[in-house]
Amino acid sequence: MAEVVAMRRDEQQDGPVRAAFADGILRLTLSKPPANALSLATIAAMRSELDAAREDKAVRVVIIAAAGKVFCAGHDLKELTAHRADADRGREFYQRTMEDCAQLMQAIVRLPKPVIAEVDGTATAAGCQLVASCDLAIASDHATFATPGVNIGLFCSTPMVALSRNVSRKHAMEMLLTGETIDASSAREFGLINRVVPREYLNQVVTKYAQTIASKSPLTLKIGKEAFYEQAEMGLADAYDYAAKVMVENMLARDAEEGIGAFVEKRKPQWTGE
């Protein structure tokens, strides 16, 4: 299965999301510039790729990037506005859009493989939510971020969920209440992104991160990512109890036995994912 999927992903693709696979790294590129908006079609395409990546053992790391000057401008406002003419004034369509988008963001968090956002441009509203939902985010010095819904009478309530789980409350409220754009340096200071690099080195740096992570035990990455998000929602005592159980199970895994043995014997480990 992995070989077939890899061949398919190496092909040039039309549609709102392009996929390319090489050396354990799946690159998903939003490819509907200028806005790269999260229309229902884009959300569905992204979700389909993530679902396939979940089952494909060859995929170790996922990168989410974008074509053009805008990383993602959020929901497709033209698509949303068109449904005001519906009999229910768009309620059913709006509900479906928000639910599908929420499921996409949760699919990123729950994917048992690390996801890196490569941001070279503007990420606003649900686009900022997309960045915040990824495990790591690396941006060029040209990237900007905003949750500007308040400026058009539509508070960024769903982007707020991911944003408030990444940055401090004061920083989150600053972005949500003012709707103002922040630069990449401020985004890093806020904790929204990991690093800021010159545009010409962005792809190189992101690829290096992905390669480093892809070299680790896939089982260990799965265990660690799942445990990180689980314990983050717990109280301190419950988090330690949970994490201790995870450590015991991890210690009993063959990859942990191999990794520790390789460290002691000063050799490179051979991961089996078991």
# chains A, B, ... in the order shown; residues from 1 in each chain; ligands from 1
>>> residues_around(residues="A:Phe71", least_positions_apart="5", cutoff="10 Å", atoms="only C-alpha atoms", output="PyMOL selection string")
chain A and resi 29-31+33-37+64-66+117-124+127-128+130-131+143-145
>>> write_last_selection(atoms="N, CA and C atoms", output="compact mmCIF listing (two decimals), in the first residue's frame")
# COMPACT_ATOMS: atom_id res chain seq x y z
N THR A 29 0.32 20.91 -0.11
CA THR A 29 0.40 22.33 -0.47
C THR A 29 -0.97 22.87 -0.84
N LEU A 30 -1.44 23.86 -0.09
CA LEU A 30 -2.67 24.55 -0.46
C LEU A 30 -2.42 25.25 -1.78
N SER A 31 -3.23 24.96 -2.79
CA SER A 31 -2.89 25.41 -4.14
C SER A 31 -4.05 26.10 -4.85
N PRO A 33 -4.38 29.78 -4.87
CA PRO A 33 -4.11 31.19 -4.65
C PRO A 33 -5.11 32.04 -5.44
N PRO A 34 -5.31 33.30 -5.09
CA PRO A 34 -4.47 34.03 -4.14
C PRO A 34 -4.79 33.81 -2.67
N ALA A 35 -5.99 33.32 -2.32
CA ALA A 35 -6.37 33.27 -0.91
C ALA A 35 -6.09 31.93 -0.24
N ASN A 36 -6.02 30.84 -1.03
CA ASN A 36 -5.90 29.50 -0.45
C ASN A 36 -6.92 29.30 0.67
N ALA A 37 -8.15 29.75 0.40
CA ALA A 37 -9.20 29.73 1.41
C ALA A 37 -9.63 28.31 1.75
N ILE A 64 2.61 21.05 5.94
CA ILE A 64 1.53 21.80 5.29
C ILE A 64 2.09 23.15 4.85
N ALA A 65 2.08 23.38 3.54
CA ALA A 65 2.61 24.61 2.96
C ALA A 65 1.54 25.22 2.07
N ALA A 66 1.91 26.27 1.33
CA ALA A 66 0.94 26.92 0.46
C ALA A 66 1.64 27.56 -0.73
N ALA A 117 3.80 23.19 10.00
CA ALA A 117 3.32 24.25 9.12
C ALA A 117 4.51 25.03 8.58
N GLU A 118 4.56 25.19 7.27
CA GLU A 118 5.59 26.00 6.61
C GLU A 118 4.90 27.26 6.10
N VAL A 119 5.10 28.36 6.79
CA VAL A 119 4.32 29.57 6.52
C VAL A 119 5.17 30.65 5.86
N ASP A 120 4.82 30.96 4.63
CA ASP A 120 5.51 32.03 3.90
C ASP A 120 4.45 32.94 3.30
N GLY A 121 3.88 33.78 4.13
CA GLY A 121 2.80 34.65 3.67
C GLY A 121 1.83 34.92 4.81
N THR A 122 0.64 35.34 4.45
CA THR A 122 -0.37 35.72 5.43
C THR A 122 -1.19 34.52 5.88
N ALA A 123 -1.40 34.41 7.19
CA ALA A 123 -2.27 33.37 7.75
C ALA A 123 -3.30 34.08 8.63
N THR A 124 -4.54 34.13 8.16
CA THR A 124 -5.55 34.86 8.90
C THR A 124 -6.74 33.98 9.24
N GLY A 127 -7.03 30.35 8.79
CA GLY A 127 -5.66 30.07 8.34
C GLY A 127 -4.69 30.14 9.51
N CYS A 128 -4.93 31.08 10.42
CA CYS A 128 -4.14 31.17 11.65
C CYS A 128 -4.46 29.97 12.54
N LEU A 130 -5.23 27.05 11.45
CA LEU A 130 -4.52 25.93 10.84
C LEU A 130 -3.07 25.88 11.33
N VAL A 131 -2.42 27.03 11.37
CA VAL A 131 -1.04 27.10 11.87
C VAL A 131 -0.98 26.66 13.33
N ALA A 143 6.16 36.36 6.74
CA ALA A 143 4.87 35.85 7.19
C ALA A 143 4.20 36.82 8.15
N THR A 144 2.87 36.85 8.10
CA THR A 144 2.08 37.64 9.04
C THR A 144 0.89 36.80 9.50
N PHE A 145 0.32 37.20 10.64
CA PHE A 145 -0.75 36.42 11.26
C PHE A 145 -1.81 37.34 11.83
>>> select_by_dssp(residues="stretch 18-213 of chain A", states="strand (DSSP E or B)", output="MDAnalysis selection string")
chainID A and resid 18:22 25:30 38 61:66 70:72 75 115:119 122:124 136:140 144:146 182:183 195:197
>>> closest_residue(among="A:Lys208, A:His142, A:Arg89, A:Thr178", to="A:Val70", atoms="only C-alpha atoms")
A:His142
>>> residues_around(residues="A:Ser133", least_positions_apart="6", cutoff="8 Å", atoms="only C-alpha atoms", output="list in words")
Met105, Gln106, Ile108, Val109 and Ala162 of chain A
>>> atom_distance(atom1="atom CA of A:Asp255", atom2="atom CA of A:Glu274")
5.9 Å
>>> closest_residue(among="A:Arg195, A:Arg188, A:Arg110, A:Lys268", to="A:Ile223", atoms="only C-alpha atoms")
A:Arg110
>>> residues_around(residues="A:Glu200", least_positions_apart="4", cutoff="10 Å", atoms="only C-alpha atoms", output="list in words")
Ser140, Asp141, Gln204 and Val205 of chain A
>>> write_last_selection(atoms="all heavy atoms", output="PDB file, in the first residue's frame")
ATOM      1  N   SER A 140       8.626  32.224   7.451  1.00  0.00           N
ATOM      2  CA  SER A 140       9.607  33.132   6.866  1.00  0.00           C
ATOM      3  C   SER A 140       9.452  34.501   7.508  1.00  0.00           C
ATOM      4  O   SER A 140       8.445  34.794   8.165  1.00  0.00           O
ATOM      5  CB  SER A 140       9.398  33.239   5.352  1.00  0.00           C
ATOM      6  OG  SER A 140       8.331  34.129   5.055  1.00  0.00           O
ATOM      7  N   ASP A 141      10.438  35.348   7.294  1.00  0.00           N
ATOM      8  CA  ASP A 141      10.369  36.695   7.856  1.00  0.00           C
ATOM      9  C   ASP A 141       9.364  37.573   7.113  1.00  0.00           C
ATOM     10  O   ASP A 141       9.166  38.739   7.468  1.00  0.00           O
ATOM     11  CB  ASP A 141      11.751  37.352   7.861  1.00  0.00           C
ATOM     12  CG  ASP A 141      12.471  37.227   6.527  1.00  0.00           C
ATOM     13  OD1 ASP A 141      11.831  36.817   5.523  1.00  0.00           O
ATOM     14  OD2 ASP A 141      13.681  37.508   6.472  1.00  0.00           O
ATOM     15  N   GLN A 204      14.326  24.861   3.176  1.00  0.00           N
ATOM     16  CA  GLN A 204      15.486  24.087   3.629  1.00  0.00           C
ATOM     17  C   GLN A 204      15.394  23.786   5.123  1.00  0.00           C
ATOM     18  O   GLN A 204      15.650  22.645   5.553  1.00  0.00           O
ATOM     19  CB  GLN A 204      16.766  24.876   3.340  1.00  0.00           C
ATOM     20  CG  GLN A 204      18.045  24.208   3.801  1.00  0.00           C
ATOM     21  CD  GLN A 204      19.275  25.075   3.504  1.00  0.00           C
ATOM     22  OE1 GLN A 204      19.232  25.972   2.674  1.00  0.00           O
ATOM     23  NE2 GLN A 204      20.352  24.804   4.218  1.00  0.00           N
ATOM     24  N   VAL A 205      15.011  24.786   5.915  1.00  0.00           N
ATOM     25  CA  VAL A 205      14.919  24.602   7.362  1.00  0.00           C
ATOM     26  C   VAL A 205      13.781  23.647   7.722  1.00  0.00           C
ATOM     27  O   VAL A 205      13.938  22.748   8.554  1.00  0.00           O
ATOM     28  CB  VAL A 205      14.726  25.963   8.073  1.00  0.00           C
ATOM     29  CG1 VAL A 205      14.418  25.761   9.554  1.00  0.00           C
ATOM     30  CG2 VAL A 205      15.971  26.824   7.912  1.00  0.00           C
TER      31      VAL A 205
END
